[in-house]
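> One file is attached below, work-v4.txt, containing compact mmCIF, C-alpha atoms (C1' of nucleotides).
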# COMPACT_ATOMS: atom_id res chain seq x y z
CA MET V 532 0.59 -30.37 -7.90
CA GLU V 533 -2.21 -31.03 -5.45
CA SER V 534 -2.72 -28.63 -2.55
CA SER V 535 -2.30 -31.30 0.16
CA LYS V 536 0.89 -32.53 -1.46
CA ILE V 537 2.28 -29.00 -1.51
CA TYR V 538 1.42 -28.62 2.15
CA THR V 539 3.16 -31.84 3.11
CA GLU V 540 6.30 -30.65 1.39
CA LEU V 541 6.22 -27.17 2.90
CA GLU V 542 5.26 -28.41 6.37
CA ALA V 543 8.55 -30.31 6.53
CA LYS V 544 10.46 -27.29 5.29
CA LEU V 545 8.77 -25.05 7.85
CA THR V 546 9.71 -27.42 10.66
CA GLN V 547 13.27 -27.36 9.43
CA TYR V 548 13.27 -23.55 9.18
CA ILE V 549 11.80 -23.19 12.69
CA ALA V 550 14.47 -25.50 14.09
CA GLU V 551 17.27 -23.67 12.29
CA LYS V 552 16.14 -20.26 13.49
CA LYS V 553 15.26 -21.56 16.96
CA LEU V 554 11.68 -20.37 16.72
CA ARG V 555 8.59 -22.01 18.25
CA LYS V 556 6.40 -24.61 16.68
CA THR V 557 2.98 -23.07 17.20
CA GLU V 558 -0.28 -24.57 15.96
CA GLU V 559 -1.11 -21.23 14.31
CA ARG V 560 1.94 -21.26 12.04
CA TYR V 561 1.10 -24.66 10.64
CA ILE V 562 -2.61 -24.08 10.15
CA ILE V 563 -1.91 -20.75 8.44
CA LEU V 564 0.52 -22.47 6.08
CA LYS V 565 -2.12 -25.13 5.43
CA GLN V 566 -4.80 -22.59 4.55
CA ILE V 567 -2.38 -20.73 2.31
CA CYS V 568 -1.72 -23.95 0.41
CA SER V 569 -5.45 -24.33 -0.19
CA PHE V 570 -5.52 -21.19 -2.34
CA SER V 571 -5.04 -22.05 -5.97
CA SER V 572 -3.60 -18.63 -6.69
CA HIS V 573 -2.63 -15.37 -5.01
CA PHE V 574 -4.51 -14.10 -1.96
CA ASP V 575 -4.47 -11.24 0.54
CA ILE V 576 -4.83 -11.04 4.33
CA CYS V 577 -8.55 -10.37 4.04
CA MET V 578 -9.12 -13.53 2.01
CA LEU V 579 -7.06 -15.53 4.46
CA GLU V 580 -9.10 -14.17 7.35
CA GLN V 581 -12.31 -15.16 5.56
CA ARG V 582 -10.94 -18.64 5.07
CA PHE V 583 -10.39 -18.93 8.83
CA ASN V 584 -13.94 -17.76 9.45
CA GLU V 585 -15.20 -20.49 7.15
CA ILE V 586 -13.34 -23.25 8.95
CA ASN V 587 -14.33 -21.71 12.29
CA TYR V 588 -10.83 -21.36 13.61
CA PHE V 589 -9.77 -18.14 15.23
CA VAL V 590 -6.43 -16.47 14.57
CA SER V 591 -5.85 -12.80 15.25
CA ARG V 592 -4.97 -10.52 12.38
CA ALA V 593 -1.67 -9.68 14.06
CA THR V 594 -0.71 -13.34 13.96
CA LEU V 595 -1.69 -13.57 10.32
CA TYR V 596 0.61 -10.65 9.54
CA ASN V 597 3.40 -12.03 11.73
CA THR V 598 3.24 -15.46 10.19
CA ILE V 599 3.03 -14.16 6.64
CA GLU V 600 6.12 -12.07 7.35
CA LEU V 601 7.87 -15.17 8.60
CA LEU V 602 6.89 -17.15 5.52
CA VAL V 603 8.08 -14.38 3.23
CA LYS V 604 11.42 -14.19 5.05
CA ALA V 605 11.74 -17.96 4.90
CA GLY V 606 11.21 -17.80 1.16
CA PHE V 607 7.92 -19.74 1.08
CA LEU V 608 5.84 -16.78 -0.09
CA ILE V 609 6.38 -13.92 -2.47
CA THR V 610 4.47 -10.66 -2.55
CA HIS V 611 2.55 -8.95 -5.33
CA GLN V 612 1.06 -5.46 -5.54
CA PHE V 613 -1.68 -5.32 -8.09
CA ALA V 614 -4.15 -2.46 -8.49
CA SER V 615 -6.00 -3.19 -5.22
CA LYS V 616 -4.67 -1.63 -2.05
CA SER V 617 -3.84 -4.79 -0.18
CA THR V 618 -0.66 -6.77 -0.67
CA HIS V 619 -1.19 -10.12 -2.36
CA TYR V 620 0.84 -13.19 -1.55
CA GLU V 621 1.61 -16.31 -3.54
CA LEU V 622 3.44 -19.54 -2.81
CA ARG V 623 6.87 -19.21 -4.30
CA ILE V 624 6.70 -22.64 -5.93
CA LEU V 625 3.62 -21.44 -7.82
CA ALA V 626 5.12 -18.04 -8.58
CA GLU V 627 8.13 -19.74 -10.14
CA ILE V 628 5.86 -21.18 -12.79
CA TYR V 629 3.41 -18.39 -13.51
CA SER V 630 3.67 -14.98 -15.08
CA HIS V 631 0.91 -12.41 -14.58
CA LEU V 632 -1.16 -10.67 -17.22
CA ILE V 633 -2.69 -7.47 -15.87
CA CYS V 634 -5.44 -5.61 -17.70
CA THR V 635 -4.82 -1.88 -17.49
CA ALA V 636 -8.51 -1.19 -18.17
CA CYS V 637 -10.28 -3.36 -15.57
CA GLY V 638 -7.39 -4.50 -13.36
CA ALA V 639 -8.08 -8.20 -13.89
CA VAL V 640 -5.07 -10.43 -13.22
CA ARG V 641 -4.60 -13.66 -15.13
CA GLU V 642 -1.87 -16.19 -14.57
CA VAL V 643 -0.11 -17.93 -17.42
CA ARG V 644 2.36 -20.78 -17.36
CA ASP V 645 5.55 -20.09 -19.18
CA VAL V 646 8.29 -21.99 -17.45
CA ALA V 647 10.83 -21.39 -20.20
CA LEU V 648 10.39 -17.63 -20.11
CA LYS V 649 10.56 -17.57 -16.33
CA LYS V 650 13.74 -19.62 -16.30
CA ASN V 651 15.24 -17.35 -18.90
CA VAL V 652 14.58 -14.33 -16.73
CA SER V 653 15.64 -15.89 -13.42
CA ASN V 654 18.90 -17.10 -14.91
CA ILE V 655 19.83 -13.61 -16.01
CA LYS V 656 23.58 -13.08 -15.68
CA ILE V 657 24.44 -9.90 -13.86
CA THR V 658 27.52 -8.77 -12.03
CA ARG V 659 27.29 -8.14 -8.31
CA PHE V 660 23.89 -9.80 -7.96
CA THR V 661 22.85 -13.39 -7.25
CA PRO V 662 19.36 -13.98 -8.65
CA ALA V 663 16.94 -16.29 -6.86
CA PHE V 664 13.56 -15.90 -8.56
CA SER V 665 11.64 -13.41 -10.62
CA THR V 666 8.19 -12.00 -11.24
CA ILE V 667 6.96 -10.91 -14.64
CA TYR V 668 3.97 -8.63 -15.12
CA VAL V 669 2.71 -8.12 -18.64
CA TYR V 670 0.33 -5.17 -18.88
CA GLY V 671 -2.20 -4.89 -21.66
CA ILE V 672 -5.89 -5.21 -22.48
CA CYS V 673 -7.94 -8.32 -21.75
CA SER V 674 -10.35 -9.62 -24.38
CA LYS V 675 -13.45 -8.44 -22.46
CA CYS V 676 -12.22 -4.85 -22.28
CA LYS V 677 -11.04 -4.91 -25.87
CA TYR V 678 -14.51 -6.01 -26.95
CA LYS V 679 -16.13 -3.22 -24.92
CA MET V 680 -13.78 -0.64 -26.42
CA GLN V 681 -14.50 -1.75 -29.96
CA LYS V 682 -18.24 -1.65 -29.34
CA LYS V 683 -17.97 1.85 -27.87
CA SER V 684 -15.81 3.01 -30.76
CA ASN V 685 -18.32 1.62 -33.25
CA ASN V 686 -21.17 3.44 -31.51
CA ASN V 687 -19.25 6.71 -31.61
CA ASN V 688 -18.70 6.30 -35.34
CA LYS V 689 -22.40 5.68 -35.84
CA ASP V 690 -23.21 8.85 -33.89
CA ILE V 691 -20.89 10.88 -36.05
CA THR V 692 -22.36 9.58 -39.32
CA ARG V 693 -25.88 10.23 -38.07
CA LYS V 694 -25.23 13.91 -37.45
CA MET J 1076 18.09 10.45 -23.58
CA GLU J 1077 18.37 13.78 -21.87
CA SER J 1078 15.68 14.81 -19.39
CA SER J 1079 14.70 18.00 -21.22
CA LYS J 1080 14.43 16.10 -24.50
CA ILE J 1081 12.13 13.56 -22.86
CA TYR J 1082 10.01 16.38 -21.49
CA THR J 1083 9.67 18.06 -24.87
CA GLU J 1084 8.46 14.80 -26.34
CA LEU J 1085 6.01 14.07 -23.55
CA GLU J 1086 4.78 17.65 -23.34
CA ALA J 1087 3.49 17.36 -26.89
CA LYS J 1088 1.90 14.01 -26.18
CA LEU J 1089 0.22 15.39 -23.05
CA THR J 1090 -1.23 18.29 -25.03
CA GLN J 1091 -2.56 15.81 -27.54
CA TYR J 1092 -4.03 13.60 -24.81
CA ILE J 1093 -5.66 16.58 -23.07
CA ALA J 1094 -7.23 17.66 -26.35
CA GLU J 1095 -8.47 14.16 -27.17
CA LYS J 1096 -10.07 13.67 -23.76
CA LYS J 1097 -11.33 17.26 -23.66
CA LEU J 1098 -9.55 18.02 -20.41
CA ARG J 1099 -8.07 21.33 -19.34
CA LYS J 1100 -4.54 22.59 -19.92
CA THR J 1101 -3.51 23.62 -16.41
CA GLU J 1102 -0.08 24.93 -15.50
CA GLU J 1103 0.11 22.32 -12.74
CA ARG J 1104 -0.15 19.38 -15.12
CA TYR J 1105 2.77 20.54 -17.22
CA ILE J 1106 5.07 21.47 -14.38
CA ILE J 1107 4.38 18.15 -12.67
CA LEU J 1108 5.27 16.31 -15.86
CA LYS J 1109 8.41 18.42 -16.12
CA GLN J 1110 9.54 17.58 -12.59
CA ILE J 1111 8.81 13.91 -13.18
CA CYS J 1112 11.07 13.98 -16.22
CA SER J 1113 13.89 15.36 -14.08
CA PHE J 1114 14.03 12.14 -12.05
CA SER J 1115 16.59 9.77 -13.50
CA SER J 1116 14.73 6.79 -12.08
CA HIS J 1117 11.62 5.83 -10.12
CA PHE J 1118 10.15 8.16 -7.51
CA ASP J 1119 7.23 8.42 -5.09
CA ILE J 1120 4.81 11.21 -4.19
CA CYS J 1121 6.93 12.25 -1.25
CA MET J 1122 10.01 12.73 -3.45
CA LEU J 1123 7.96 14.69 -5.95
CA GLU J 1124 6.64 16.92 -3.17
CA GLN J 1125 10.20 17.57 -2.00
CA ARG J 1126 11.19 18.49 -5.51
CA PHE J 1127 8.45 21.13 -5.59
CA ASN J 1128 9.66 22.46 -2.26
CA GLU J 1129 13.12 22.82 -3.71
CA ILE J 1130 11.97 24.80 -6.73
CA ASN J 1131 9.65 26.83 -4.46
CA TYR J 1132 6.49 26.08 -6.38
CA PHE J 1133 3.38 25.05 -4.48
CA VAL J 1134 1.13 22.23 -5.64
CA SER J 1135 -1.26 20.48 -3.26
CA ARG J 1136 -0.81 16.79 -2.60
CA ALA J 1137 -4.29 16.14 -3.99
CA THR J 1138 -3.22 17.61 -7.30
CA LEU J 1139 -0.06 15.53 -7.29
CA TYR J 1140 -2.16 12.41 -6.84
CA ASN J 1141 -4.73 13.53 -9.42
CA THR J 1142 -2.13 14.31 -12.03
CA ILE J 1143 -0.16 11.14 -11.42
CA GLU J 1144 -3.39 9.20 -11.89
CA LEU J 1145 -3.96 11.01 -15.16
CA LEU J 1146 -0.44 10.27 -16.35
CA VAL J 1147 -0.79 6.60 -15.45
CA LYS J 1148 -4.11 6.37 -17.30
CA ALA J 1149 -2.60 8.15 -20.29
CA GLY J 1150 0.19 5.58 -20.32
CA PHE J 1151 3.04 8.00 -19.54
CA LEU J 1152 3.81 6.46 -16.16
CA ILE J 1153 3.86 2.97 -14.76
CA THR J 1154 3.69 1.98 -11.10
CA HIS J 1155 6.00 -0.11 -8.97
CA GLN J 1156 5.55 -1.47 -5.47
CA PHE J 1157 8.87 -2.20 -3.87
CA ALA J 1158 9.44 -2.93 -0.20
CA SER J 1159 8.65 0.62 0.97
CA LYS J 1160 5.04 1.49 1.68
CA SER J 1161 4.58 4.14 -0.93
CA THR J 1162 3.85 3.50 -4.57
CA HIS J 1163 6.74 4.30 -6.88
CA TYR J 1164 6.27 5.66 -10.37
CA GLU J 1165 8.49 5.56 -13.44
CA LEU J 1166 8.26 7.03 -16.90
CA ARG J 1167 7.05 4.30 -19.19
CA ILE J 1168 9.73 5.04 -21.81
CA LEU J 1169 12.35 4.33 -19.13
CA ALA J 1170 10.51 1.30 -17.77
CA GLU J 1171 10.45 -0.20 -21.24
CA ILE J 1172 14.22 -0.38 -21.17
CA TYR J 1173 14.98 -1.35 -17.60
CA SER J 1174 14.42 -4.45 -15.51
CA HIS J 1175 14.66 -4.28 -11.72
CA LEU J 1176 16.94 -6.25 -9.44
CA ILE J 1177 15.61 -6.32 -5.89
CA CYS J 1178 17.71 -7.48 -2.95
CA THR J 1179 15.56 -9.57 -0.61
CA ALA J 1180 17.97 -8.87 2.24
CA CYS J 1181 18.25 -5.07 2.23
CA GLY J 1182 15.51 -4.05 -0.22
CA ALA J 1183 17.86 -2.17 -2.54
CA VAL J 1184 16.53 -1.76 -6.07
CA ARG J 1185 18.91 -1.67 -9.01
CA GLU J 1186 17.94 -1.06 -12.61
CA VAL J 1187 19.53 -2.96 -15.46
CA ARG J 1188 19.22 -2.45 -19.18
CA ASP J 1189 18.21 -5.53 -21.09
CA VAL J 1190 16.20 -4.41 -24.04
CA ALA J 1191 16.23 -7.82 -25.72
CA LEU J 1192 14.82 -9.58 -22.69
CA LYS J 1193 12.15 -6.93 -22.19
CA LYS J 1194 11.09 -7.14 -25.82
CA ASN J 1195 10.95 -10.90 -25.54
CA VAL J 1196 8.61 -10.66 -22.59
CA SER J 1197 6.42 -7.88 -23.96
CA ASN J 1198 5.95 -9.71 -27.24
CA ILE J 1199 4.61 -12.78 -25.47
CA LYS J 1200 1.87 -14.39 -27.56
CA ILE J 1201 -1.23 -15.15 -25.54
CA THR J 1202 -4.82 -15.76 -26.49
CA ARG J 1203 -7.44 -13.26 -25.36
CA PHE J 1204 -4.86 -10.67 -24.25
CA THR J 1205 -3.18 -7.80 -26.07
CA PRO J 1206 0.14 -7.02 -24.37
CA ALA J 1207 1.41 -3.44 -24.20
CA PHE J 1208 4.43 -3.44 -21.89
CA SER J 1209 5.91 -5.44 -19.06
CA THR J 1210 7.81 -5.17 -15.82
CA ILE J 1211 10.39 -7.68 -14.68
CA TYR J 1212 11.55 -7.99 -11.09
CA VAL J 1213 14.44 -10.29 -10.37
CA TYR J 1214 14.79 -11.02 -6.66
CA GLY J 1215 18.05 -12.13 -5.15
CA ILE J 1216 20.97 -10.98 -3.03
CA CYS J 1217 23.06 -7.93 -3.84
CA SER J 1218 26.84 -8.13 -3.54
CA LYS J 1219 26.95 -6.02 -0.37
CA CYS J 1220 24.55 -8.32 1.47
CA LYS J 1221 26.26 -11.42 0.14
CA TYR J 1222 29.56 -10.13 1.49
CA LYS J 1223 28.00 -9.44 4.90
CA MET J 1224 26.48 -12.92 5.01
CA GLN J 1225 29.75 -14.60 4.18
CA LYS J 1226 31.57 -12.58 6.83
CA LYS J 1227 28.94 -13.51 9.41
CA SER J 1228 29.08 -17.14 8.42
CA ASN J 1229 32.87 -17.13 8.74
CA ASN J 1230 32.65 -15.60 12.21
CA ASN J 1231 30.18 -18.24 13.31
CA ASN J 1232 32.51 -20.96 12.14
CA LYS J 1233 35.36 -19.40 14.10
CA ASP J 1234 33.20 -19.32 17.23
CA ILE J 1235 32.39 -22.98 16.86
CA THR J 1236 35.98 -24.04 16.43
CA ARG J 1237 37.03 -21.98 19.43
CA LYS J 1238 34.66 -23.79 21.79
C1' DA P 55 11.26 -20.53 34.65
C1' DT P 56 12.21 -17.99 30.51
C1' DG P 57 11.27 -15.54 26.73
C1' DT P 58 8.79 -16.01 22.29
C1' DA P 59 4.25 -15.75 20.11
C1' DT P 60 -0.49 -14.52 20.34
C1' DG P 61 -4.45 -11.29 20.83
C1' DC P 62 -6.17 -6.87 21.38
C1' DA P 63 -6.52 -2.09 20.75
C1' DA P 64 -4.55 2.02 19.47
C1' DA P 65 -1.51 4.34 16.27
C1' DC P 66 0.34 5.15 11.75
C1' DC P 67 0.49 6.84 7.29
C1' DA P 68 -0.17 6.67 2.29
C1' DT P 69 -4.02 7.43 -0.25
C1' DT P 70 -8.84 8.77 -1.09
C1' DT P 71 -12.83 11.59 -0.61
C1' DG P 72 -16.01 15.63 -0.04
C1' DC P 73 -16.50 20.20 -0.66
C1' DA P 74 -15.63 25.14 -1.34
C1' DA P 75 -12.85 28.20 -4.22
C1' DT P 76 -10.45 28.92 -8.50
C1' DG P 77 -9.78 29.39 -13.20
C1' DA P 78 -9.78 27.15 -18.20
C1' DC P 79 -12.88 27.07 -21.82
C1' DG H 648 -21.29 31.34 -17.15
C1' DT H 649 -20.20 26.50 -16.81
C1' DC H 650 -17.90 22.86 -15.03
C1' DA H 651 -13.32 20.65 -14.56
C1' DT H 652 -9.52 21.26 -11.47
C1' DT H 653 -7.27 22.81 -7.43
C1' DG H 654 -6.52 23.10 -2.40
C1' DC H 655 -7.78 21.87 2.08
C1' DA H 656 -9.22 18.96 5.70
C1' DA H 657 -11.26 14.94 7.22
C1' DA H 658 -11.94 10.05 6.45
C1' DT H 659 -10.40 5.54 5.04
C1' DG H 660 -8.24 1.24 5.49
C1' DG H 661 -4.33 -1.80 5.20
C1' DT H 662 -0.57 -2.46 8.12
C1' DT H 663 2.29 -1.75 12.25
C1' DT H 664 3.11 -1.21 17.09
C1' DG H 665 2.90 -1.65 22.23
C1' DC H 666 1.66 -4.27 25.78
C1' DA H 667 -0.59 -7.86 28.64
C1' DT H 668 -1.45 -12.75 28.44
C1' DA H 669 -0.59 -17.43 26.95
C1' DC H 670 2.25 -21.13 25.99
C1' DA H 671 6.41 -23.66 23.66
C1' DT H 672 10.82 -24.82 25.24
Reformat the file's structure so that it appears as structure tokens.

Amino acid sequence: MESSKIYTELEAKLTQYIAEKKLRKTEERYIILKQICSFSSHFDICMLEQRFNEINYFVSRATLYNTIELLVKAGFLITHQFASKSTHYELRILAEIYSHLICTACGAVREVRDVALKKNVSNIKITRFTPAFSTIYVYGICSKCKYKMQKKSNNNNKDITRK
Amino acid sequence: MESSKIYTELEAKLTQYIAEKKLRKTEERYIILKQICSFSSHFDICMLEQRFNEINYFVSRATLYNTIELLVKAGFLITHQFASKSTHYELRILAEIYSHLICTACGAVREVRDVALKKNVSNIKITRFTPAFSTIYVYGICSKCKYKMQKKSNNNNKDITRK
DNA sequence: ATGTATGCAAACCATTTGCAATGAC
DNA sequence: GTCATTGCAAATGGTTTGCATACAT
């Protein structure tokens, strides 16, 4: 789905949520949602702040945190904690589609579509729990790091034989 | 598996790892591993520190962090980031068995055994990535919170009809 | 007019870092 | 004796908090 299309859909839902909860329709909330929709993948507060610098629109960091909290509560965003310190966020409608591959050597995160797998997991039948959505992290070694390791291992072998 | 049995197994593996990497066999590293094995589930640094208080054995926080880092690198521990600020750790051999149910209302984390599902996910076939293990978080509403919500909703309805 | 939301600055706190002392090899 | 590891204290940095101001209702 296109970013602007996603925004249009979520804008309506946000308006509905704000009305339901009797909150206030502030310009900030909508422009933050809009910028979030422009990310193709997960992002953190720092990246969002940069984005606002680029479009020359000022929002305080406190408001970014407040609004993100609101969007998480409302179920628009989900949170991730990868290797980096900062919390990463992702639109829930994207997170419902993607699983994450995390390289334990370099920390790189790659997203892969596997709707069937995700559905399987989210539809898990458990007593005393009503599932809504799920996140899947598969840890392993990316091809770049694997290549580096093999090269290193080869060099070590050479060293040994040279002795 | 019993905690002491797990420790015996991991103790040997740690010795092997230390030898391979040409590190040093310090008392601290082994007792930290031992205490970690005594947790039945995930824990954070603070809980580990408390545990050392209880057994009246002093280890500095820096060493706790250093050793945990070592154990993560060695593949004995995996990390979780739940709602609380601090990073949680879990023995990988436990994490390979359990998935996590997280209540989005109260933050409670419940572990469920589903070996088949976990295997399914970890054996995912992807190009340019060699999977090792996976974590699955299913978000939803726990029965306690669901009950509270229903009660609240019922009360609201009563209020409306009374007006 | 009222009270929520924003902006700012200070506080918080888990984690990291630098460095001297210790002790495994 | 050498150098990795420990312990301590200070620094770091993402996030939270308190409060005055702005503004949606």
> Can you tell me which residues surround DT69 in chain P at a distance of at most 10 Å, considering all atoms listed in the file, apart from same-chain residues fewer than 5 positions away, and format the answer as an mmCIF file with C-alpha atoms (C1' of nucleotides), in the coordinates of the input?

data_model
loop_
_atom_site.group_PDB
_atom_site.id
_atom_site.type_symbol
_atom_site.label_atom_id
_atom_site.label_comp_id
_atom_site.auth_asym_id
_atom_site.auth_seq_id
_atom_site.Cartn_x
_atom_site.Cartn_y
_atom_site.Cartn_z
ATOM 1 C CA LYS V 616 -4.670 -1.630 -2.050
ATOM 2 C CA ALA J 1137 -4.290 16.140 -3.990
ATOM 3 C CA TYR J 1140 -2.160 12.410 -6.840
ATOM 4 C CA SER J 1161 4.580 4.140 -0.930
ATOM 5 C CA THR J 1162 3.850 3.500 -4.570
ATOM 6 C "C1'" DT H 659 -10.400 5.540 5.040
ATOM 7 C "C1'" DG H 660 -8.240 1.240 5.490
#
> List the spatial neighbours of DC66 in chain P as a PyMOL selection string - criterion: any atom at most 10 Å away, all atoms listed in the file, same-chain residues fewer than 6 positions off excluded.
chain H and resi 662-664
> Those residues you just picked out, can you put them in a file as a compact mmCIF listing (two decimals), keeping the file's coordinate frame with C-alpha atoms (C1' of nucleotides)?

# COMPACT_ATOMS: atom_id res chain seq x y z
C1' DT H 662 -0.57 -2.46 8.12
C1' DT H 663 2.29 -1.75 12.25
C1' DT H 664 3.11 -1.21 17.09
> For a cut-off of 12 Å around (-7.7, 17.9, -21.8), file coordinates, pick out all residues using all atoms listed in the file and list them as a PyMOL selection string.
(chain J and resi 1088-1101+1104-1105+1142+1145-1146+1149) or (chain P and resi 78-79) or (chain H and resi 651-652)
> Return the neighbours of chain J among the residues of chain V, cut-off 9 Å, counting all atoms listed in the file, as a ChimeraX atom specification.
/V:604,611-613,632-636,643,648,651-653,655,657-675,677
> May I ask which of the residues H:DT668, H:DC655, H:DG661, H:DG648 is the closest one to chain V, counting all atoms listed in the file?
H:DG661
> Would you work out the distance separating CA of Ser535 in chain V from CA of Gln566 in chain V, expressed in Å to one decimal?
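One can read the CA of Ser535 in chain V to CA of Gln566 in chain V distance as 10.1 Å.
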> Tell me, in Å to one decimal, how far CA of Phe583 in chain V is from CA of Phe570 in chain V.
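Separation between CA of Phe583 in chain V and CA of Phe570 in chain V: 12.4 Å.
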> Using all atoms listed in the file for the distances, tell me which of J:His1117, J:His1163, J:Lys1226, J:Lys1080 is nearest to chain P.
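For chain P, the nearest of the given residues is J:His1163.
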> Just how far from CA of Tyr588 in chain V is C1' of DG61 in chain P, in Å to one decimal?
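Between C1' of DG61 in chain P and CA of Tyr588 in chain V the gap is 13.9 Å.
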> So, counting only C-alpha atoms (C1' of nucleotides), which residue among J:Phe1118, J:Ser1135, J:Leu1123, J:Glu1171 is closest to chain H?
J:Ser1135
> Can I get range 614-632 of chain V with N, CA and C atoms filled in, as a PDB file, keeping the file's coordinate frame?

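Output contents, as saved in selection_24.pdb:
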ATOM      1  N   ALA V 614      -3.474  -3.753  -8.601  1.00  0.00           N
ATOM      2  CA  ALA V 614      -4.150  -2.460  -8.490  1.00  0.00           C
ATOM      3  C   ALA V 614      -4.787  -2.265  -7.109  1.00  0.00           C
ATOM      4  N   SER V 615      -5.313  -3.332  -6.510  1.00  0.00           N
ATOM      5  CA  SER V 615      -6.000  -3.190  -5.220  1.00  0.00           C
ATOM      6  C   SER V 615      -5.009  -2.745  -4.162  1.00  0.00           C
ATOM      7  N   LYS V 616      -5.533  -2.180  -3.085  1.00  0.00           N
ATOM      8  CA  LYS V 616      -4.670  -1.630  -2.050  1.00  0.00           C
ATOM      9  C   LYS V 616      -3.845  -2.689  -1.337  1.00  0.00           C
ATOM     10  N   SER V 617      -4.488  -3.821  -1.064  1.00  0.00           N
ATOM     11  CA  SER V 617      -3.840  -4.790  -0.180  1.00  0.00           C
ATOM     12  C   SER V 617      -2.752  -5.582  -0.906  1.00  0.00           C
ATOM     13  N   THR V 618      -1.742  -5.934  -0.161  1.00  0.00           N
ATOM     14  CA  THR V 618      -0.660  -6.770  -0.670  1.00  0.00           C
ATOM     15  C   THR V 618      -1.197  -8.173  -0.943  1.00  0.00           C
ATOM     16  N   HIS V 619      -0.833  -8.734  -2.075  1.00  0.00           N
ATOM     17  CA  HIS V 619      -1.190 -10.120  -2.360  1.00  0.00           C
ATOM     18  C   HIS V 619       0.013 -11.017  -2.209  1.00  0.00           C
ATOM     19  N   TYR V 620      -0.241 -12.232  -1.779  1.00  0.00           N
ATOM     20  CA  TYR V 620       0.840 -13.190  -1.550  1.00  0.00           C
ATOM     21  C   TYR V 620       0.611 -14.420  -2.422  1.00  0.00           C
ATOM     22  N   GLU V 621       1.708 -15.110  -2.709  1.00  0.00           N
ATOM     23  CA  GLU V 621       1.610 -16.310  -3.540  1.00  0.00           C
ATOM     24  C   GLU V 621       2.716 -17.265  -3.131  1.00  0.00           C
ATOM     25  N   LEU V 622       2.409 -18.542  -3.108  1.00  0.00           N
ATOM     26  CA  LEU V 622       3.440 -19.540  -2.810  1.00  0.00           C
ATOM     27  C   LEU V 622       4.541 -19.410  -3.846  1.00  0.00           C
ATOM     28  N   ARG V 623       5.753 -19.394  -3.382  1.00  0.00           N
ATOM     29  CA  ARG V 623       6.870 -19.210  -4.300  1.00  0.00           C
ATOM     30  C   ARG V 623       6.941 -20.325  -5.345  1.00  0.00           C
ATOM     31  N   ILE V 624       6.630 -21.545  -4.953  1.00  0.00           N
ATOM     32  CA  ILE V 624       6.700 -22.640  -5.930  1.00  0.00           C
ATOM     33  C   ILE V 624       5.665 -22.465  -7.042  1.00  0.00           C
ATOM     34  N   LEU V 625       4.579 -21.747  -6.751  1.00  0.00           N
ATOM     35  CA  LEU V 625       3.620 -21.440  -7.820  1.00  0.00           C
ATOM     36  C   LEU V 625       4.135 -20.252  -8.636  1.00  0.00           C
ATOM     37  N   ALA V 626       4.652 -19.260  -7.913  1.00  0.00           N
ATOM     38  CA  ALA V 626       5.120 -18.040  -8.580  1.00  0.00           C
ATOM     39  C   ALA V 626       6.276 -18.321  -9.528  1.00  0.00           C
ATOM     40  N   GLU V 627       7.001 -19.396  -9.260  1.00  0.00           N
ATOM     41  CA  GLU V 627       8.130 -19.740 -10.140  1.00  0.00           C
ATOM     42  C   GLU V 627       7.660 -20.221 -11.505  1.00  0.00           C
ATOM     43  N   ILE V 628       6.405 -20.625 -11.552  1.00  0.00           N
ATOM     44  CA  ILE V 628       5.860 -21.180 -12.790  1.00  0.00           C
ATOM     45  C   ILE V 628       5.080 -20.137 -13.583  1.00  0.00           C
ATOM     46  N   TYR V 629       4.361 -19.281 -12.847  1.00  0.00           N
ATOM     47  CA  TYR V 629       3.410 -18.390 -13.510  1.00  0.00           C
ATOM     48  C   TYR V 629       3.930 -16.976 -13.735  1.00  0.00           C
ATOM     49  N   SER V 630       3.540 -16.409 -14.866  1.00  0.00           N
ATOM     50  CA  SER V 630       3.670 -14.980 -15.080  1.00  0.00           C
ATOM     51  C   SER V 630       2.276 -14.375 -14.953  1.00  0.00           C
ATOM     52  N   HIS V 631       2.207 -13.048 -14.799  1.00  0.00           N
ATOM     53  CA  HIS V 631       0.910 -12.410 -14.580  1.00  0.00           C
ATOM     54  C   HIS V 631       0.569 -11.443 -15.707  1.00  0.00           C
ATOM     55  N   LEU V 632      -0.646 -11.604 -16.220  1.00  0.00           N
ATOM     56  CA  LEU V 632      -1.160 -10.670 -17.220  1.00  0.00           C
ATOM     57  C   LEU V 632      -2.106  -9.731 -16.500  1.00  0.00           C
TER      58      LEU V 632
END
